[in-house]
Structure formats: structure tokens, C-alpha cells
Amino acid sequence: MQSSRSFATRCRRLLAALFTFGLLLTLLPAASAYERQTLRVGYTESASHLTRDAHNHYHGMLYESIETLATHIGANVIYIPGTASENRTRLQSGAIDIIAQSDNLRNYAMPDDIISPPAGIRTIPLARGIGWLEISTRNQALAQAVDDSLDQLRSIAPLYTLRLLEKYRDAGEQGALSLTPAEKRYLAEHPVIYAMASPGQPPYTYFLGDGTHAGVISDIMALIASDLGIRIEVLPNSDHARMMQQLTDGDITMVADFYSDYNWAHQHNADITLPYLTINYVAVLRKDQELPSTPIVACPRGHFYAHKYIESMYPPEQLRYYDTVQECMFAVNSGQADITFAKSITVQADIHLGNYYNLYTNSNVVFSHDVSIAVSQKADPILIRILNKEITHIDPHQTSSIINRQVYTIQGRDTLPALIYRNPIGTLVCCSTLLLAIIIVLLLIMQLNKRHNEALYREAHYIKEVNMYNLRWFVNNLPANIDRYREEREHGKLFLLVLSAQHIAFLRELYTRKTFNQALLGLIQQARAQNDWLLTHAMSLDTVSLAVLCRLPAGFTMEQSAAKLAQDASTCSVNGTPMIIRYHIGLCAIPTTGPINAAALLDNAMLAYAESVSHDKEISTYNTSLRERLLYRKQMEDLMGKALKNGEFQVYLQPKYDIETQTIVAAEALVRWQSPELGFLMPAKFMHLFEHNGFAVQLDYYMLETVCQYQQKRLARGEAIVPIAVNQSGLHITEENYLAHMQDIADKYQLPNGSIELELTETAFIDYNANDARYDAATIVAQLRHMGFCLSMDDFCTGYSSIAMLQNLPMDVMKIDRTMLLAAEKSPRSLTILRHIVELGKSLNMKVLTEGIETRQQEKLLLAIGCRFGQGFLFARPMPLANFAAFLEEHSTES
């Protein structure tokens with residue numbers, strides 16, 4: 001009886017305990033706001049896809065794909081190894097949820113298991129080269145969740161799979177920011193997100209005295225917060241290990257600088273975002289000792305890189321653990337350890353700001369790891385999806401800029417005492433040198449003053465490189481030197497000569513400047529020995545041109561004297577090798593009476609010299625007309641930019657016509673300059689100058705765009721157009737980004753193919769098959785045609801490469817020069833040649849046109865040999881653009 005009462009008592013106590021325990025369970029807060037499901041994944045090991053190491057850590061692109069999907073779903077993953085047949089059996093029985101299959105890209109065909117999966121199995125491709133998933137058709141909810149996660153991942157990071165291929169095989173990029181309504185709603189409901197970051201690692205991540213977070217990670221978090229329209233508040237923190245424990249316990253939502261490793265994340269009950277930064281690590285050692293064969297390594301506690309890399313590099317007996325990176329640096333500096341490892345962007349700050357002047361780093365990267373944001377698994381999974389989108393949206397250049405700015409900020413904190421402390425010997429040497437210099441200056445100031453004046457004069461008037469006086473000395477002493485030869489001057493026998501070797505820059509580069517200058521100096525001495533009428537000479541500062549005061553030799557003119565000098569100095573020996581040199585020479589006569597303006601006389605000789613260079617002549621003599629011509633060219637150069645801006649260059653059109661029907665088939669755009677200062681100028685007045693100074697490139701683009709606008713407006717009004725040809729200078733062929741510029745014009749106006757014809761001459765091309773596509777004529781012509789431009793071979797038969805152009809370049813129009821037409825009128829032989837040229841052009845499917853038609857007889861001659869198209873004053877002269885429409889309507893096919 002007593003036993004029964006005892007048993008009943010025990011039962012009542014047990015029921016009370018169970019009731020109390022149940023009540024406590026109802027009162028306690030939920031451990032997590034979200035229930036995380038567990039996914040069982042069967043796999044077969046495959047290198048670089050899904051493998052497990054000795055530490056039971058998984059690696060590979062297929063593994064990272066599965067973990068990323070699981071993160072989006074909000075699930076934990078258990079990996080179950082097995083063969084393909086074992087995994088299929090387990091899937092059918094429900095022992096596993098998913099089979100992960102690797103795609104090794106052995107061929108380009110779609111794997112059979114994706115095209116025709118076994119009965120009862122649905123396949124979901126991940127990406128070519130990574131693999132696919134197999135899910136039982138009975139588990140439609142899981143399949144739908146995987147599909148949805150894949151869709152989200154592909155929308156926010158379309159190149160994510162490429163990044164995996166880059167990590168293990170290939171390359172990839174990030175995507176753009178795009179938030180769903182649900183994600184926007186989440187951000188609106190959470191305007192402030194609290195996070196933590198590692199302390200004490202300037203400029204990477206650290207806290208100021210008032211607890212404000214600073215450094216690279218701070219700036220990146222501010223960038224993310226700005227993009228998302230929220231505030232990320234990084235709480236003050238002084239202990240890395242405590243921060244990791246708080247993440248593990250779910251006390252904080254995020255860690256801003258988490259090592260990007262899923263195994264590490266799982267150990268701390270966290271999910272990680274895509275990496276947003278890569279950190280390199282370097283070794284830090286002592287200056288006063290060599291690294292021992294078995295060094296003691298200072299290791300920071302609680303840091304992933306210590307666990308991942310350092311512990312795998314050194315045995316446990318060589319490791320000494322410290323709480324912070326600063327303690328590790330102190331340990332090496334004080335001799336407690338021999339080596340530690342620090343981030344490359346923080347190591348200099350760690351050494352300098354910590355006053356560890358006995359430490360150094362060789363800057364060689366020992367290992368690297370990616371940095372992600374860790375999000376507690378207690379947080380809403382939507383947060384990590386939002387962060388992933390933002391990370392893919394960040395421009396890498398912004399990250400680089402942040403790093404550079406922070407590094408410079410930390411370096412700017414260096415103080416003079418720190419510099420002196422770190423460089424005691426250098427400081428002592430500098431101070432001693434300064435003191436010694438002051439003493440020397442005080443002792444020798446009188447002597448130095450005198451020598452200084454002499455040196456200044458020599459520096460201002462002498463060129464050491466060639467042991468000659470310069471042009472300043474020449475001008476200063478020219479009046480006195482001319483006065484010494486007063487009698488010769490009164491008889492008009494004094495003149496100035498300025499000369500320079502042709503292609504002197506090339507020769508100096510070929511033989512080196514010093515060697516060539518020495519040879520040229522010897523040549524000048526030789527010429528002076530042979531010509532006693534060379535009186536005084538001097539060299540320009542750039543050692544390019546030589547100025548000489550000359551006395552006219554008996555029986556010679558100035559030009560003949562210059563020619564004799566050029567002949568006497570035509571052979572130069574450079575390093576024992578004879579070389580022929582040609583010269584550009586400018587001459588200017590010394591006036592027989594009046595005061596001497598030495599600078600003006602030298603300027604006149606230089607003008608004549610410049611004329612010989614620009615017109616590739618050996619000798620030019622200064623006269624009034626030359627000065628006026630050069631001043632006129634200078635005026636045109638001064639006005640050309642303003643003229644282009646103000647629309648002073650006018651487009652004239654000269655029709656091209658069908659000789660048989662007398663109707664317009666095309667037109668050529670010609671330029672005229674209506675200058676307020678210079679009047680109405682034809683191209684012959686200015687185009688040679690523009691070709692020489694490069695302005696022709698800008699003028700060509702102006703002409704081309706004006707014609708494109710004209711064609712575009714006519715099309716917009718529903719009016720008929722004919723092809724209009726625009727000349728292209730040979731300067732374009734070597735112009736940087738020429739094809740890109742032409743493509744921009746084609747894209748801008750969207751004209752029908754063939755609306756614009758580009759007239760090119762054979763002299764425009766340097767090489768028909770150059771290694772550099774910019775100089776490859778065939779490539780240039782092909783791409784211009786692909787853009788929709790029609791190509792015309794202008795001035796055919798005026799050069800030596802016309803046939804080569806026909807052979808190598810797929811041109812559309814052959815434009816025969818007027819000289820061939822004039823020759824054919826006078827010579828049966830020339831007529832035969834012209835007939836065969838026309839036949840040749842037609843046989844190459846080119847439109848053949850002859851320019852310069854001025855008589856009906858010339859039209860009949862061209863029709864007789866089969867040339868139907870022409871251009872010339874007989875049909876129409878060039879006319880302003882505004883007048884062309886009426887002429888076109890009058891002479892069109894319709895009319």
C-alpha cells in the first residue's frame with residue numbers, strides 16, 4: 001500500500017515537472033525568428049567541383065553554387081558522398097533531397113542526364129562547366145524553391161557562375177543593382193542596421209577615440225548604405241574574438257569584414273555574401289636578425305587567416321598566439337617572435353604608427369583571401385540577398401579609390417620626430433651636410449661670387465655638348481663682328497646662313513645624340529678649314545641648327561656659296577662609317593648700310609630656313625615676298641580654329657553625272673573658306689598648310705558631319721538624295737581612334753548604306769597589310785564599308801601604287817584623274833591605256849568615273865570607250881550647298 005502511494009506521488013511529480021517544462025517552453029522566446037530547413041545533398045567527388053579535405057571542409061565551384069542557393073533559400077546543407085547509382089537510389093527512397101552532378105566540360109554537347117533524366121527525376125542546370133541538380137519529381141516544393149533562387153541569383157549576379165569559373169578556371173564580372181518590392185519594403189522597415197567590424201587595423205578598419213568607425217571597410221559600408229538608402233551603424237569594438245562570439249551567439253546582425261569562407265561562416269552560425277574585397281598578406285620581420293630556419297610565428301587569435309593559412313604553414317610548436325594584430329607586431333619587434341603576417345594595406349601603418357621601427361616587410365604577397373559580409377542566421381534571409389545585389393553593383397574602381405585614399409590618409413599622419421627616429425643615420429648625414437655647406441659658403445663666398453658670374457655668362461652663351469657658343473652669344477656679338485668686316489659689308493658681300501642636317505632627329509636616334517653631335521662637330525671644323533669665308537658661327541640650344549656669318553667668296557652668289565658648303569660637308573664619318581648628309585639652308589643678306597638689328601637678321605635667316613624645311617628644298621633665300629608669304633600662312637593658322645568654330649568653311653557640291661542621260665548620279669563635297677579677314681579662299685590657298693599642320697583632320701570631320709546632316713534632313717522631309725563624296729585626308733589613316741570616330745558618325749546619323757562616299761587617294765595608305773590594324777589599309781577600308789560608307793579611289797593613275805590599291809583594297813568607285821583624259825585626247829597610245837583602265841574598273845565591279853570634263857568631244861570620247869559617268873565644268877561647276885537641291889530636282893532622273 002505504501003509502495004502504491006509512493007509510485008502515485010512520483011507520477012504526480014513527473015507530470016508537474018513536464019507541465020512546468022512545457023510552460024517554460026511557451027514562455028521562452030523563439031531561438032530564431034526563422035525555421036531553417038536542412039537539405040541533404042548527395043555528391044560524387046570531382047576535382048574543382050565538389051571535394052572534401054582532411055579537415056572535413058568542402059571546396060569547389062559546385063559546392064559554392066549549392067551553398068549560395070541554400071543561403072537564398074535559408075537552409076543548412078548536409079553533404080552525403082556516394083556513387084552515381086547510390087545517389088539515385090537514395091534520392092528515390094527519400095534518403096537525400098538533391099543530387100549534385102558535376103559538369104567537367106569534356107565536350108560541348110548537353111549532358112544526356114539533363115536532356116533525358118531518369119524517370120521520376122527532374123534536372124535543374126546550374127551553369128555549363130559547373131553542373132546541375134537532380135530532384136525527385138515528388139518534391140515539387142523544393143524544386144520550385146531552387147528554381148526561384150536560381151532566378152534571383154541570375155538576376156542580381158548574372159556573371160556569378162563566371163566568377164566561380166574564374167576562381168577555379170575562368171573569368172567573370174559583377175552585376176547591377178535591382179531590388180524587388182519585398183526587398184525595398186524590408187529596407188524601409190529597417191532604416192538602421194547594426195554591425196561590427198574588426199578593430200585596430202588602420203587604414204583597413206579601426207575606431208577613432210570617440211568610437212567612430214573609420215578606414216576602408218567604413219567607407220565601403222558607407223557606400224553600401226548610401227546605395228541602399230539606409231544607415232549601417234558599426235558599433236565600437238576593441239576585441240576581434242569577442243566580436244566573433246557575438247556573431248556566433250546571434251547578438252549582432254552583421255560583421256562587415258568577414259573572411260569569405262562558408263566553413264568559417266557555418267562555425268559562427270552565419271551566412272556570407274559574395275566577396276567584395278580581396279586582401280593580400282605579407283610577412284613582417286625584424287631588421288636586426290635573419291629569419292631562423294624554424295621561426296617563432298606570432299598568430300592573432302580568432303582570425304580566420306591564422307587558422308586557414310598560418311596554421312597550415314607552420315607546426316603548432318612554432319606558433320605563439322596573441323589577442324590582436326598589434327600584439328603580434330610588438331612580439332616580433334621585441335624578439336618574442338621572429339615573424340608575423342599582416343595585411344599589405346595596413347602593414348606600413350602597423351609599423352610606423354606603432355613605433356615598431358625595428359620591423360620591415362619585403363612586400364611579397366604570401367597569401368590572400370576574399371572579404372565578405374557575414375549575416376547572422378537569425379536575421380531575415382532577405383537581407384543577405386539585398387547585400388549580394390549591392391555588392392555586385394559596386395564599381396571595383398570605387399573600392400580601389402577608397403583604398404588609395406585611406407592609405408594616403410594614414411601615411412599623412414607621419415610626424416617629423418617619427419621620420420627622424422626611423423632614419424637616425426640619414427638625419428645625421430643631412431644635418432652634417434647642411435652645416436658643412438653653410439661653412440663652405442661662408443668661407444668661399446667672395447671667390448664663389450666671381451666664379452658664379454663667370455659661370456652665368458658661360459651658361460647663358462655656351463653649349464657644352466658641342467663646345468660652341470649659342471645663338472644668344474651670336475646675336476649679342478653680331479654687330480661687332482659685322483663691323484670688323486665693314487668693307488665687305490659696304491660691297492654687299494656679307495650674309496647670314498642657317499643650316500641643319502635633314503632628318504636630324506632620326507640620325508641622332510640611329511647613332512645616339514652624343515655620337516652624331518661629335519661627328520657633326522668634326523664636319524663643321526672640316527668645312528671651315530675648306531671655306532675661309534665662314535667667319536663666325538653658333539649653335540641653337542637644341543643643337544639642331546647652325547648659324548654662320550659669311551663673307552661672299554669671289555665669283556659666287558649666296559646660293560652658290562651655300563651649295564658649295566653643302567657639297568663640302570656632304571660626307572660625314574660616324575663611328576668610322578661614311579654617311580651622306582643633306583641639308584636645309586636659309587640665307588639672308590646683310591644690308592650694306594644702316595644700323596644692325598641682329599635679332600631681326602637672324603629671324604629672317606631662320607624664316608628662310610623654315611621655308612626650305614616646309615617645302616623640302618635644300619636652299620631658300622629670304623626676301624620680302626617670302627616674309628609676306630610666311631606671315632600670311634601664320635595668319636591663316638591663327639584664324640583656322642576660329643573659322644571652324646564660326647562656320648566660315650562652306651560646303652560646295654559639284655555634281656557627278658551620267659554622260660549619256662545628262663542626269664545627276666552623285667556629288668562631291670568641296671570646301672571654300674569665306675574669311676572676314678582673308679576674303680574668299682579656294683582650297684589651293686589653305687589645304688596644303690592644313691595637311692602640313694594636321695588641321696585637315698578637324699576640317700574633314702566638319703565637312704563629313706555637314707554633309708551627313710544635309711542628307712539626313714532631306715530624308716526626313718521625304719526628298720530624294722544622291723551619294724555625296726567627302727574627301728578624307730591621308731592623316732586619318734594614322735589617326736588614333738579613326739575607325740571609332742567614323743563609327744560614331746555612322747551611328748549618329750543612321751543614313752542608308754552608300755549615302756556617303758569617302759574619297760581616298762593612294763598616298764593616304766602606308767601599308768596594305770600592317771601588323772597594327774590602325775595602319776592596315778585593307779582592314780580600314782573593310783570596316784569603313786561595313787559601317788555603310790562607299791569608298792572611292794580618287795586621282796587614279798596619278799601615282800605609282802594605283803594597281804596595288806586595286807589588288808589589295810575593295811573600293812567601290814574608280815575616279816580617273818583629268819590628266820588621263822587630256823592625254824587620251826592627244827595620244828592614241830594614251831587613249832588605249834584609258835580604255836583598258838575603264839574596262840579594268842568595270843571588270844572589278846567598280847563604278848568608273850572620269851573627272852575634269854569640259855567639252856562635248858571629251859564626253860563623246862568617254863562614251864566611246866565605255867566610261868558613262870563623269871564630273872566637270874561642262875555639266876556643272878561647284879555650287880553652294882543651298883543651291884544644290886534645285887539643281888538636283890532639275891537634273892534628276894525623274895525630271
# chains A, B, ... in the order shown; residues from 1 in each chain; ligands from 1
call {"tool": "residues_around", "arguments": {"residues": "Ala283 (chain A)", "least_positions_apart": "5", "cutoff": "7 Å", "atoms": "only C-alpha atoms", "output": "list in words"}}
result
Ile339, Thr340, Phe341, Ala342, Thr361 and Val366 of chain A
call {"tool": "write_last_selection", "arguments": {"atoms": "N, CA and C atoms", "output": "tab-separated table (two decimals), in the first residue's frame"}}
result
chain	number	residue	atom	x	y	z
A	339	ILE	N	58.51	36.25	-36.69
A	339	ILE	CA	57.77	36.66	-37.90
A	339	ILE	C	56.29	36.69	-37.60
A	340	THR	N	55.58	37.58	-38.25
A	340	THR	CA	54.12	37.56	-38.23
A	340	THR	C	53.65	37.97	-39.62
A	341	PHE	N	52.35	37.93	-39.82
A	341	PHE	CA	51.79	38.26	-41.13
A	341	PHE	C	50.71	39.32	-40.94
A	342	ALA	N	50.73	40.30	-41.84
A	342	ALA	CA	49.78	41.41	-41.73
A	342	ALA	C	49.27	41.77	-43.12
A	361	THR	N	58.99	44.91	-43.97
A	361	THR	CA	58.33	43.90	-44.80
A	361	THR	C	58.91	44.00	-46.20
A	366	VAL	N	52.22	36.73	-49.46
A	366	VAL	CA	52.37	35.35	-49.04
A	366	VAL	C	51.07	34.57	-49.26
call {"tool": "select_by_dssp", "arguments": {"residues": "region 59-302 of chain A", "states": "strand (DSSP E or B)", "output": "ChimeraX atom specification"}}
result
/A:59,75-81,98-102,121-127,131-136,192-196,201,205-207,213-214,231-234,254-259,270-272,277-286,297-300
call {"tool": "closest_atom_pairs", "arguments": {"of": "region 244-357 of chain A", "to": "region 74-81 of chain A", "cutoff": "12 Å", "atoms": "only C-alpha atoms", "output": "JSON lines"}}
result
{"residue": "A:Tyr262", "atom": "CA", "partner": "A:Val77", "partner_atom": "CA", "distance": 11.1}
{"residue": "A:Asn263", "atom": "CA", "partner": "A:Val77", "partner_atom": "CA", "distance": 11.3}
{"residue": "A:Ala265", "atom": "CA", "partner": "A:Asn76", "partner_atom": "CA", "distance": 11.6}
{"residue": "A:His266", "atom": "CA", "partner": "A:Asn76", "partner_atom": "CA", "distance": 9.0}
{"residue": "A:Asn269", "atom": "CA", "partner": "A:Asn76", "partner_atom": "CA", "distance": 10.2}
{"residue": "A:Ala270", "atom": "CA", "partner": "A:Asn76", "partner_atom": "CA", "distance": 10.6}
{"residue": "A:Asp271", "atom": "CA", "partner": "A:Gly74", "partner_atom": "CA", "distance": 9.1}
{"residue": "A:Ile272", "atom": "CA", "partner": "A:Gly74", "partner_atom": "CA", "distance": 11.9}
call {"tool": "write_last_selection", "arguments": {"atoms": "N, CA and C atoms", "output": "mmCIF file, in the first residue's frame"}}
result
data_model
loop_
_atom_site.group_PDB
_atom_site.id
_atom_site.type_symbol
_atom_site.label_atom_id
_atom_site.label_comp_id
_atom_site.auth_asym_id
_atom_site.auth_seq_id
_atom_site.Cartn_x
_atom_site.Cartn_y
_atom_site.Cartn_z
ATOM 1 N N TYR A 262 32.754 29.604 -46.421
ATOM 2 C CA TYR A 262 31.495 29.054 -45.913
ATOM 3 C C TYR A 262 31.718 28.217 -44.657
ATOM 4 N N ASN A 263 32.812 27.461 -44.596
ATOM 5 C CA ASN A 263 33.070 26.661 -43.396
ATOM 6 C C ASN A 263 33.228 27.560 -42.182
ATOM 7 N N ALA A 265 31.989 30.528 -41.875
ATOM 8 C CA ALA A 265 30.681 31.109 -41.595
ATOM 9 C C ALA A 265 29.806 30.131 -40.810
ATOM 10 N N HIS A 266 29.823 28.856 -41.217
ATOM 11 C CA HIS A 266 28.999 27.859 -40.508
ATOM 12 C C HIS A 266 29.422 27.733 -39.041
ATOM 13 N N ASN A 269 27.592 30.367 -37.118
ATOM 14 C CA ASN A 269 26.134 30.464 -37.318
ATOM 15 C C ASN A 269 25.771 31.657 -38.187
ATOM 16 N N ALA A 270 26.494 31.800 -39.279
ATOM 17 C CA ALA A 270 26.275 32.964 -40.146
ATOM 18 C C ALA A 270 26.254 32.537 -41.602
ATOM 19 N N ASP A 271 25.635 33.367 -42.412
ATOM 20 C CA ASP A 271 25.719 33.251 -43.866
ATOM 21 C C ASP A 271 26.624 34.383 -44.355
ATOM 22 N N ILE A 272 27.223 34.194 -45.513
ATOM 23 C CA ILE A 272 28.105 35.240 -46.042
ATOM 24 C C ILE A 272 27.628 35.683 -47.415
#
call {"tool": "residues_around", "arguments": {"residues": "Ile837 (chain A)", "least_positions_apart": "3", "cutoff": "10 Å", "atoms": "only C-alpha atoms", "output": "VMD selection string"}}
result
chain A and resid 796 to 797 814 816 831 to 834 840 to 843 848 865 867
call {"tool": "atom_distance", "arguments": {"atom1": "CA of Pro236 (chain A)", "atom2": "CA of Tyr204 (chain A)"}}
result
15.2 Å
call {"tool": "closest_residue", "arguments": {"among": "A:Val371, A:Asp483, A:Thr536, A:Ala563", "to": "Thr593 (chain A)", "atoms": "only C-alpha atoms"}}
result
A:Asp483
call {"tool": "residues_around", "arguments": {"residues": "region 57-62 of chain A", "least_positions_apart": "5", "cutoff": "6 Å", "atoms": "only C-alpha atoms", "output": "PyMOL selection string"}}
result
chain A and resi 48-52+130+164
call {"tool": "write_last_selection", "arguments": {"atoms": "C-alpha atoms", "output": "compact mmCIF listing (two decimals), in the first residue's frame"}}
result
# COMPACT_ATOMS: atom_id res chain seq x y z
CA SER A 48 37.50 21.67 -58.62
CA HIS A 49 33.75 20.96 -58.40
CA LEU A 50 32.98 19.38 -55.01
CA THR A 51 35.65 17.84 -52.78
CA ARG A 52 36.22 17.41 -49.05
CA ILE A 130 29.72 23.76 -63.11
CA LEU A 164 33.33 30.74 -59.92
call {"tool": "closest_residue", "arguments": {"among": "A:Ala197, A:Ala562, A:Val284, A:Ala864", "to": "Ala241 (chain A)", "atoms": "only C-alpha atoms"}}
result
A:Ala197
call {"tool": "closest_residue", "arguments": {"among": "A:Met787, A:Leu496, A:Leu277, A:Phe649", "to": "Leu739 (chain A)", "atoms": "only C-alpha atoms"}}
result
A:Met787
call {"tool": "residues_around", "arguments": {"residues": "Arg242 (chain A)", "least_positions_apart": "2", "cutoff": "12 Å", "atoms": "only C-alpha atoms", "output": "PyMOL selection string"}}
result
chain A and resi 196-199+236-240+244-249+251-252+255+268+301-303+323-324
call {"tool": "residues_around", "arguments": {"residues": "His891 (chain A)", "least_positions_apart": "2", "cutoff": "6 Å", "atoms": "only C-alpha atoms", "output": "list in words"}}
result
Thr663, Ile664, Leu888 and Glu889 of chain A
call {"tool": "write_last_selection", "arguments": {"atoms": "all heavy atoms", "output": "short mmCIF file (atom, residue, chain, number, x, y, z; two decimals), in the first residue's frame"}}
result
data_model
loop_
_atom_site.label_atom_id
_atom_site.label_comp_id
_atom_site.auth_asym_id
_atom_site.auth_seq_id
_atom_site.Cartn_x
_atom_site.Cartn_y
_atom_site.Cartn_z
N THR A 663 22.00 63.26 -116.41
CA THR A 663 21.31 63.36 -115.11
C THR A 663 22.33 63.17 -113.99
O THR A 663 23.36 62.51 -114.16
CB THR A 663 20.21 62.29 -114.98
OG1 THR A 663 20.80 60.99 -115.18
CG2 THR A 663 19.11 62.52 -116.00
N ILE A 664 21.99 63.74 -112.84
CA ILE A 664 22.88 63.64 -111.67
C ILE A 664 22.83 62.22 -111.09
O ILE A 664 21.76 61.65 -110.90
CB ILE A 664 22.47 64.65 -110.59
CG1 ILE A 664 22.67 66.08 -111.08
CG2 ILE A 664 23.28 64.44 -109.32
CD1 ILE A 664 22.26 67.13 -110.07
N LEU A 888 19.50 69.58 -108.36
CA LEU A 888 19.21 68.14 -108.33
C LEU A 888 17.83 67.86 -108.87
O LEU A 888 17.62 66.92 -109.66
CB LEU A 888 19.35 67.62 -106.89
CG LEU A 888 18.96 66.17 -106.65
CD1 LEU A 888 19.83 65.22 -107.46
CD2 LEU A 888 19.07 65.83 -105.17
N GLU A 889 16.86 68.64 -108.48
CA GLU A 889 15.50 68.44 -108.96
C GLU A 889 15.42 68.65 -110.47
O GLU A 889 14.72 67.91 -111.17
CB GLU A 889 14.56 69.41 -108.24
CG GLU A 889 13.09 69.22 -108.61
CD GLU A 889 12.18 70.13 -107.80
OE1 GLU A 889 12.69 70.81 -106.89
OE2 GLU A 889 10.98 70.16 -108.10
#
call {"tool": "atom_distance", "arguments": {"atom1": "CA of Phe474 (chain A)", "atom2": "CA of Thr571 (chain A)"}}
result
26.7 Å
call {"tool": "residues_around", "arguments": {"residues": "Phe686 (chain A)", "least_positions_apart": "5", "cutoff": "10 Å", "atoms": "only C-alpha atoms", "output": "PyMOL selection string"}}
result
chain A and resi 633+636-637+640+672-673+681+691+696
